[in-house]
Amino acid sequence: MSKVLGYTDPMSTVGIQGAPKDNPFSPAFGVLPSAFVGRDELLHDIGSGLLTGPADRSYYSVLMGNRGSGKTVVLTEMQNRAMSDGWIVLSVDAATDGLLERVNQAIYQATQTYEILAPLDTSSSKTVTRHKGMAYRGFGFGRSEADYTDLDLKRGLRGQMSNLAEIAQANETSILLTVDELQGIDREEGRRLSNDMQHLRREGLPVAFIGAALSEAKATILADKRMSFFKRCEQYDIPDIGVADALVGIGQPVREAQGQIENDALKLAAHQIDGSPYKMQLIGYNAWKVAGAPKHSIDINAVDVAISAADGIVDRDIGVPSFNDLSETEQLCLAGIAVLEGDATAPAIIDTTKMNFHTVKASLLRLVTTGYIVQDGDAYSLTGAVSDRVIWQQLGLNPANPAVSFNEHIEHSVEIVSRGSAKRTVCNKWMERAKARCILSTGHSGGCRSK
Ligand SMILES: Nc1ncnc2c1ncn2[C@@H]1O[C@H](COP(=O)(O)OP(=O)(O)OP(=O)(O)O)[C@@H](O)[C@H]1O
Ligand SMILES: [Mg+2]
């Protein structure tokens with residue numbers, strides 16, 4: 001039997017003693033993992049910004065990263081830390097319209113939760129923070145939730161937040177507003193929120209802000225001059241999870257749930273996560289299941305199966321939607337880079353994709369900014385946000401010979417205008433039943449059509 005990785009905790013050798021635990025991994029978005037790894041520095045930097053106050057740039061932060069990079073759980077952790085320090089936390093997401101209304105609701109909920117904000121006459125059933133109760137002037141005393149929402153929406157977020165901040169300040173505490181999915185913010189609401197936050201910042205009021213967004217927001221929200229508050233926030237790119245952290249991120253939950261993982265199996269798993277915490281959870285979850293842990297030790301075969309399963313799920317949940325977020329020319333550039341493997345310089349990409357210099361340059365810039373590719377010297381390579389498997393599949397290329405297949409795809413699908421830029425690309429997927437290629441534009445909705 002292979003040696004189990006040498007943890008010093010004697011409980012690690014307990015094996016199946018005690019009640020068997022459920023699967024200790026959390027392969028679902030937004031769920032705090034049982035072992036939260038690789039984020040100490042980030043949490044420390046943002047945390048010390050919050051402690052320092054509005055003068056610190058990190059008092060206003062935006063977390064950027066690809067799908068599944070762990071933005072939401074960092075937000076959750078920061079909220080938990082702030083709450084346990086007696087802060088008033090307002091947590092909303094901007095995935096759908098109605099953000100300002102949701103902030104309004106969160107403020108209302110806060111008045112029901114924090115004693116310092118509670119109406120004087122109904123304070124008995126409230127959750128008590130470490131601060132003494134105090135009246136919040138004009139904050140809906142004796143009114144129903146509907147009255148309150150209606151009235152205060154008209155009064156405006158800025159007024160409400162200012163009042164809330166003054167109460168917090170008088171009680172030596174602060175407010176933390178977190179906005180997840182910032183990339184989806186409605187432009188109009190984004191501009192209003194940006195202006196209101198800018199105002200609170202100018203006034204030096206204690207309202208800290210942490211947003212989380214897909215990296216694509218760098219080219220949209222953070223580039224919008226009318227949302228300058230977000231641009232001025234400290235930007236944190238969520239770092240990849242390294243191998244050392246992955247060893248802990250997979251080994252520790254197994255051990256804590258009274259399971260065992262063999263040394264070589266753990267090493268293989270940790271080396272295959274591609275920096276992604278989501279993939280780490282998927283590998284751990286599937287390895288546990290395949291091995292039949294905690295009854296049986298997780299061996300290298302179980303990890304092997306788990307890696308294949310995780311690849312498929314990451315492609316489906318992260319790769320395909322990320323690929324479909326791109327424009328046609330960006331998709332072709334990405335495919336060109338994948339086909340060229342290590343030799344993807346700008347001239348080589350121009351040659352492979354048959355697109356002109358300006359189109360390729362603009363696409364490369366955006367792909368780097370949004371975290372799909374990295375530049376190393378003259379060459380570009382994929383980051384793992386979209387795997388080559390997804391590219392072959394989405395463009396209908398032959399995985400056995402993607403270079404030849406991509407060349408055919410380009411020849412068939414790109415109509416070159418006289419200056420040499422790509423005018424329109426067609427889907428060009430091969431339809432087995434019709435024995436023909438699709439003639440619709442790349443990224444079309446619905447099924448493929450041959451005529
Ligand atoms: N630091 C970490 N250590 C261990 N697991 C993590 C860590 N960060 C995230 N995870 C796990 O990764 C998965 C994805 O995390 P999360 O939902 O926070 O990603 P996200 O960046 O918000 O994704 P999306 O862009 O789709 O909203 C979850 O299963 C979570 O438990
Ligand atoms: Mg999220």
# chains A, B, ... in the order shown; residues from 1 in each chain; ligands from 1

call {"tool": "residues_near_ligand", "arguments": {"ligand": "ligand 1", "cutoff": "7 Å", "atoms": "only C-alpha atoms and all ligand atoms", "output": "number ranges by chain"}}
result
A: 26-33, 35-39, 65-74, 181, 214, 249, 277-278, 280-281

call {"tool": "select_by_dssp", "arguments": {"residues": "range 222-354 of chain A", "states": "alpha helix (DSSP H)", "output": "ChimeraX atom specification"}}
result
/A:228-232,243-256,263-271,277-291,300-314,320-324,328-340,346-353

call {"tool": "write_last_selection", "arguments": {"atoms": "C-alpha atoms", "output": "mmCIF file, in the first residue's frame"}}
result
data_model
loop_
_atom_site.group_PDB
_atom_site.id
_atom_site.type_symbol
_atom_site.label_atom_id
_atom_site.label_comp_id
_atom_site.auth_asym_id
_atom_site.auth_seq_id
_atom_site.Cartn_x
_atom_site.Cartn_y
_atom_site.Cartn_z
ATOM 1 C CA SER A 228 -15.392 56.355 -12.440
ATOM 2 C CA PHE A 229 -15.852 55.192 -8.833
ATOM 3 C CA PHE A 230 -15.306 51.579 -9.915
ATOM 4 C CA LYS A 231 -12.240 52.487 -11.934
ATOM 5 C CA ARG A 232 -10.727 54.191 -8.878
ATOM 6 C CA VAL A 243 0.259 23.304 -6.080
ATOM 7 C CA ALA A 244 1.263 23.727 -2.407
ATOM 8 C CA ASP A 245 -2.152 25.193 -1.589
ATOM 9 C CA ALA A 246 -3.894 22.532 -3.659
ATOM 10 C CA LEU A 247 -2.178 19.801 -1.581
ATOM 11 C CA VAL A 248 -3.826 21.318 1.485
ATOM 12 C CA GLY A 249 -7.091 22.140 -0.330
ATOM 13 C CA ILE A 250 -7.556 18.489 -1.264
ATOM 14 C CA GLY A 251 -5.668 16.692 1.538
ATOM 15 C CA GLN A 252 -7.169 18.502 4.494
ATOM 16 C CA PRO A 253 -10.892 17.985 3.757
ATOM 17 C CA VAL A 254 -10.227 14.283 3.124
ATOM 18 C CA ARG A 255 -8.417 13.986 6.422
ATOM 19 C CA GLU A 256 -11.003 15.978 8.365
ATOM 20 C CA ASN A 263 0.587 10.257 -1.440
ATOM 21 C CA ASP A 264 0.950 9.858 -5.219
ATOM 22 C CA ALA A 265 -2.788 10.315 -5.716
ATOM 23 C CA LEU A 266 -2.788 13.582 -3.793
ATOM 24 C CA LYS A 267 0.200 14.877 -5.732
ATOM 25 C CA LEU A 268 -1.424 14.018 -9.066
ATOM 26 C CA ALA A 269 -4.663 15.721 -8.038
ATOM 27 C CA ALA A 270 -2.874 18.872 -6.864
ATOM 28 C CA HIS A 271 -0.926 19.121 -10.117
ATOM 29 C CA PRO A 277 -10.352 26.289 -7.079
ATOM 30 C CA TYR A 278 -13.524 25.086 -8.797
ATOM 31 C CA LYS A 279 -11.598 22.322 -10.555
ATOM 32 C CA MET A 280 -9.901 21.498 -7.244
ATOM 33 C CA GLN A 281 -13.319 20.967 -5.622
ATOM 34 C CA LEU A 282 -14.487 18.882 -8.585
ATOM 35 C CA ILE A 283 -11.431 16.614 -8.515
ATOM 36 C CA GLY A 284 -11.684 16.180 -4.738
ATOM 37 C CA TYR A 285 -15.411 15.519 -4.885
ATOM 38 C CA ASN A 286 -15.179 12.933 -7.658
ATOM 39 C CA ALA A 287 -12.087 11.213 -6.269
ATOM 40 C CA TRP A 288 -13.866 10.797 -2.913
ATOM 41 C CA LYS A 289 -16.921 9.371 -4.655
ATOM 42 C CA VAL A 290 -15.100 7.059 -7.080
ATOM 43 C CA ALA A 291 -12.863 5.619 -4.353
ATOM 44 C CA ILE A 300 -4.267 7.202 -8.102
ATOM 45 C CA ASN A 301 -6.887 5.391 -10.206
ATOM 46 C CA ALA A 302 -9.712 7.200 -8.454
ATOM 47 C CA VAL A 303 -7.931 10.522 -9.008
ATOM 48 C CA ASP A 304 -7.409 9.682 -12.677
ATOM 49 C CA VAL A 305 -11.120 9.111 -13.186
ATOM 50 C CA ALA A 306 -11.904 12.245 -11.157
ATOM 51 C CA ILE A 307 -9.648 14.403 -13.348
ATOM 52 C CA SER A 308 -11.449 13.315 -16.532
ATOM 53 C CA ALA A 309 -14.817 13.979 -14.920
ATOM 54 C CA ALA A 310 -13.642 17.385 -13.675
ATOM 55 C CA ASP A 311 -12.318 18.339 -17.139
ATOM 56 C CA GLY A 312 -15.719 17.623 -18.678
ATOM 57 C CA ILE A 313 -17.589 19.648 -16.051
ATOM 58 C CA VAL A 314 -15.164 22.584 -16.192
ATOM 59 C CA VAL A 320 -18.274 26.924 -23.130
ATOM 60 C CA PRO A 321 -19.983 30.007 -21.619
ATOM 61 C CA SER A 322 -16.636 31.848 -21.531
ATOM 62 C CA PHE A 323 -15.988 31.004 -25.200
ATOM 63 C CA ASN A 324 -19.467 32.147 -26.173
ATOM 64 C CA GLU A 328 -16.209 36.106 -33.568
ATOM 65 C CA THR A 329 -12.789 37.613 -34.166
ATOM 66 C CA GLU A 330 -11.722 36.948 -30.563
ATOM 67 C CA GLN A 331 -12.850 33.335 -30.917
ATOM 68 C CA LEU A 332 -10.753 32.949 -34.064
ATOM 69 C CA CYS A 333 -7.727 34.530 -32.384
ATOM 70 C CA LEU A 334 -8.098 32.192 -29.424
ATOM 71 C CA ALA A 335 -8.359 29.216 -31.773
ATOM 72 C CA GLY A 336 -5.307 30.443 -33.709
ATOM 73 C CA ILE A 337 -3.309 30.583 -30.465
ATOM 74 C CA ALA A 338 -4.432 27.077 -29.473
ATOM 75 C CA VAL A 339 -3.517 25.704 -32.898
ATOM 76 C CA LEU A 340 -0.086 27.361 -32.889
ATOM 77 C CA ALA A 346 1.152 38.135 -33.517
ATOM 78 C CA PRO A 347 2.442 37.598 -37.108
ATOM 79 C CA ALA A 348 1.809 33.851 -36.822
ATOM 80 C CA ILE A 349 -1.731 34.495 -35.553
ATOM 81 C CA ILE A 350 -2.388 36.913 -38.437
ATOM 82 C CA ASP A 351 -1.151 34.275 -40.851
ATOM 83 C CA THR A 352 -3.201 31.477 -39.301
ATOM 84 C CA THR A 353 -6.458 33.360 -38.879
#

call {"tool": "closest_residue", "arguments": {"among": "A:Glu341, A:Glu101, A:Asp93, A:Asp186", "to": "ligand 2", "atoms": "only C-alpha atoms and all ligand atoms"}}
result
A:Asp93

call {"tool": "residues_around", "arguments": {"residues": "range 361-374 of chain A", "least_positions_apart": "5", "cutoff": "6 Å", "atoms": "only C-alpha atoms", "output": "PyMOL selection string"}}
result
chain A and resi 215-216+330+380-383+385

call {"tool": "write_last_selection", "arguments": {"atoms": "C-alpha atoms", "output": "short mmCIF file (atom, residue, chain, number, x, y, z; two decimals), in the first residue's frame"}}
result
data_model
loop_
_atom_site.label_atom_id
_atom_site.label_comp_id
_atom_site.auth_asym_id
_atom_site.auth_seq_id
_atom_site.Cartn_x
_atom_site.Cartn_y
_atom_site.Cartn_z
CA SER A 215 -12.27 40.03 -15.83
CA GLU A 216 -14.21 41.18 -18.89
CA GLU A 330 -11.72 36.95 -30.56
CA TYR A 380 0.66 34.25 -26.51
CA SER A 381 -0.81 31.21 -24.79
CA LEU A 382 -4.14 30.13 -23.27
CA THR A 383 -4.66 30.66 -19.55
CA ALA A 385 -10.19 29.95 -18.93
#

call {"tool": "residues_around", "arguments": {"residues": "Ala94 in chain A", "least_positions_apart": "6", "cutoff": "8 Å", "atoms": "only C-alpha atoms", "output": "PDB file with C-alpha atoms, in the first residue's frame"}}
result
ATOM      1  CA  VAL A 179     -21.713  43.813  -4.998  1.00  0.00           C
ATOM      2  CA  ASP A 180     -21.179  40.460  -6.706  1.00  0.00           C
ATOM      3  CA  GLU A 181     -21.451  39.893 -10.491  1.00  0.00           C
ATOM      4  CA  LEU A 182     -20.554  43.515 -11.120  1.00  0.00           C
ATOM      5  CA  GLN A 183     -19.964  42.764 -14.819  1.00  0.00           C
ATOM      6  CA  GLY A 184     -23.733  42.374 -15.227  1.00  0.00           C
ATOM      7  CA  ILE A 185     -24.646  45.765 -13.793  1.00  0.00           C
ATOM      8  CA  ASP A 186     -27.244  47.758 -15.683  1.00  0.00           C
TER       9      ASP A 186
END

call {"tool": "select_by_dssp", "arguments": {"residues": "range 190-303 of chain A", "states": "strand (DSSP E or B)", "output": "list in words"}}
result
Val207, Ala208, Phe209, Ile210, Gly211, Ala212, Ala213, Leu214, Glu234, Gln235, Tyr236, Asp237, Ile261, Glu262 and Ile298 of chain A

call {"tool": "closest_residue", "arguments": {"among": "A:Val207, A:Val386, A:Val92, A:Met161", "to": "ligand 2", "atoms": "only C-alpha atoms and all ligand atoms"}}
result
A:Val92

call {"tool": "atom_distance", "arguments": {"atom1": "CA of Gly377 in chain A", "atom2": "CA of Gly342 in chain A"}}
result
11.4 Å

call {"tool": "closest_residue", "arguments": {"among": "A:Leu164, A:Ala170, A:Ile238, A:Leu157", "to": "ligand 2", "atoms": "only C-alpha atoms and all ligand atoms"}}
result
A:Ile238

call {"tool": "closest_residue", "arguments": {"among": "A:Gly49, A:Gly447, A:Gly211, A:Gly204", "to": "ligand 2", "atoms": "only C-alpha atoms and all ligand atoms"}}
result
A:Gly211
